[in-house]
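Asker: Starting off with a structure, shown below.
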Amino acid sequence: MSIFRLPRITTAQRTPLVLELGELVYDTDLNQVFRGNGLTAGGLPFAGGSQSFVHTQASPSPSWTVNHNLGFRPAVEVYSVGGAEIEAAILHTSVNQTAISFSTPTAGSARFT
């Protein structure tokens with residue numbers, strides 16, 4: 001029988017790394033697997049994970065500060081009140097907070113995965 005073991009590293013060790021495309025590592029602080037895409041520092045949460053968050057912004061604002069508390073820098077999709085995906089500037093200020101900016105005050109939602 002063969003056993004495949006992922007490299008086990010801490011969040012502090014993982015976040016500055018740019019993992020190769022398809023490379024997998026296990027974050028021992030978060031108890032989560034991350035995969036590399038060759039571009040994103042820290043990698044991306046491995047598909048199939050249940051960690052996600054939806055933020056709803058009821059009042060139009062030119063910037064949203066979202067405390068998602070996911071423990072990583074997630075992919076972000078932003079939607080208008082009507083459900084159309086819209087463009088926004090995304091800045092991950094930490095592994096638990098993201099700033100979303102618009103050219104005009106905007107209401108809607110953001111999905112973090």
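For the structure tokens, the naming scheme is as follows: chains receive sequential letters (A, B, ...) according to their order of presentation, residues are indexed from 1 within each chain, and ligands are indexed from 1 in presentation order.
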What's the 9 Å shell around segment 89-99 of chain A, counting only C-alpha atoms, without same-chain residues fewer than 4 positions away, as a list of chain:residue names?

Answerer: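 Listing them by chain and then by number gives A:Ser63, A:Trp64, A:Thr65, A:Val66, A:Asn67, A:His68, A:Asn69, A:Leu70, A:Gly71, A:Phe72, A:Arg73, A:Pro74, A:Val76.
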
Asker: Got a sec: who's within 12 Å of Gln13 of chain A, counting only C-alpha atoms, leaving out chain neighbours fewer than 5 positions off, as a ChimeraX atom specification?

Answerer: /A:7-8,18-19,25-29,41-43

Asker: Keeping N, CA and C atoms, export the residues of the selection given above as a short mmCIF file (atom, residue, chain, number, x, y, z; two decimals), in the first residue's frame.

Answerer:
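out37.cif, written as the output of this step:
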data_model
loop_
_atom_site.label_atom_id
_atom_site.label_comp_id
_atom_site.auth_asym_id
_atom_site.auth_seq_id
_atom_site.Cartn_x
_atom_site.Cartn_y
_atom_site.Cartn_z
N PRO A 7 2.92 18.08 2.11
CA PRO A 7 3.77 18.89 2.99
C PRO A 7 2.90 19.60 4.02
N ARG A 8 3.31 19.58 5.27
CA ARG A 8 2.56 20.21 6.36
C ARG A 8 3.32 21.46 6.78
N VAL A 18 4.56 31.17 -3.41
CA VAL A 18 3.77 31.04 -4.64
C VAL A 18 3.93 29.57 -5.04
N LEU A 19 2.88 28.80 -4.78
CA LEU A 19 2.91 27.36 -5.05
C LEU A 19 2.82 27.11 -6.55
N VAL A 25 -0.45 21.75 -0.40
CA VAL A 25 0.15 21.80 0.93
C VAL A 25 -0.98 21.79 1.95
N TYR A 26 -0.66 21.31 3.14
CA TYR A 26 -1.63 21.28 4.24
C TYR A 26 -1.22 22.32 5.26
N ASP A 27 -2.14 23.28 5.52
CA ASP A 27 -1.90 24.33 6.51
C ASP A 27 -2.32 23.79 7.88
N THR A 28 -1.35 23.59 8.76
CA THR A 28 -1.63 22.99 10.07
C THR A 28 -2.35 23.94 11.02
N ASP A 29 -2.23 25.25 10.79
CA ASP A 29 -2.95 26.21 11.63
C ASP A 29 -4.44 26.24 11.30
N ALA A 41 0.13 34.11 -4.11
CA ALA A 41 0.90 33.84 -2.89
C ALA A 41 0.00 33.16 -1.86
N GLY A 42 0.48 32.09 -1.27
CA GLY A 42 -0.28 31.36 -0.26
C GLY A 42 -1.16 30.27 -0.83
N GLY A 43 -1.34 30.26 -2.14
CA GLY A 43 -2.21 29.27 -2.76
C GLY A 43 -3.67 29.59 -2.57
#

Asker: If you run DSSP over the backbone, which residues in chain A end up strand (DSSP E or B)? Put them as a ChimeraX atom specification.

Answerer: /A:8-9,18,24-27,32-35,41,44-45,53-67,76-80,85,89-92,97-112

Asker: Env of Pro62 of chain A: 12 Å cut, atoms = only C-alpha atoms, seq-sep filter 3 positions within chain, self excluded. Answer as a PyMOL selection string.

Answerer: chain A and resi 57+59+65+88-89+99-108

Asker: Excluding Leu24 of chain A and its own-chain neighbours fewer than 2 positions away, which residues fall within 7 Å of it when counting only C-alpha atoms? Please give them as JSON, numbers by chain.

Answerer: {"A": [6, 22, 26, 33, 34, 35, 36]}

Asker: May I have the selected residues written with N, CA and C atoms, as a CSV table (one decimal), in the first residue's frame?

Answerer:
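Generated file (part_19.csv):
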chain,number,residue,atom,x,y,z
A,6,LEU,N,1.0,15.1,2.1
A,6,LEU,CA,1.1,16.5,1.7
A,6,LEU,C,2.2,17.1,2.6
A,22,GLY,N,-0.9,23.2,-9.4
A,22,GLY,CA,-1.2,21.8,-8.9
A,22,GLY,C,-0.6,21.4,-7.6
A,26,TYR,N,-0.7,21.3,3.1
A,26,TYR,CA,-1.6,21.3,4.2
A,26,TYR,C,-1.2,22.3,5.3
A,33,VAL,N,-6.3,22.2,3.2
A,33,VAL,CA,-5.4,22.0,2.1
A,33,VAL,C,-5.5,23.2,1.2
A,34,PHE,N,-4.4,23.6,0.7
A,34,PHE,CA,-4.3,24.7,-0.3
A,34,PHE,C,-3.6,24.2,-1.6
A,35,ARG,N,-4.0,24.7,-2.7
A,35,ARG,CA,-3.5,24.3,-4.0
A,35,ARG,C,-2.8,25.5,-4.7
A,36,GLY,N,-1.8,25.2,-5.4
A,36,GLY,CA,-1.1,26.3,-6.2
A,36,GLY,C,-1.7,26.5,-7.5

Asker: One number please: atom CA of Pro16 of chain A to atom CA of Asn31 of chain A, in Å, one decimal.

Answerer: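 According to the coordinates, atom CA of Pro16 of chain A and atom CA of Asn31 of chain A are separated by 17.9 Å.
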
Asker: Do you have the atom CA of Leu30 of chain A-atom CA of Thr15 of chain A distance handy?

Answerer: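 Result for atom CA of Leu30 of chain A versus atom CA of Thr15 of chain A: 12.0 Å, one decimal.
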
Asker: Write out as a ChimeraX atom specification each polymer residue whose atoms come within 8 Å of Ser52 of chain A, counting only C-alpha atoms; drop sequence neighbours fewer than 5 positions from it.

Answerer: /A:70,111-113

Asker: Please, what distance in Å, to one decimal, runs between atom CA of Thr56 of chain A and atom CA of Ser80 of chain A?

Answerer: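 It comes out at 10.0 Å.
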
Asker: Could you give me the residues within chain A that DSSP places in alpha helix (DSSP H), as an MDAnalysis selection string?

Answerer: chainID A and resid 11:14
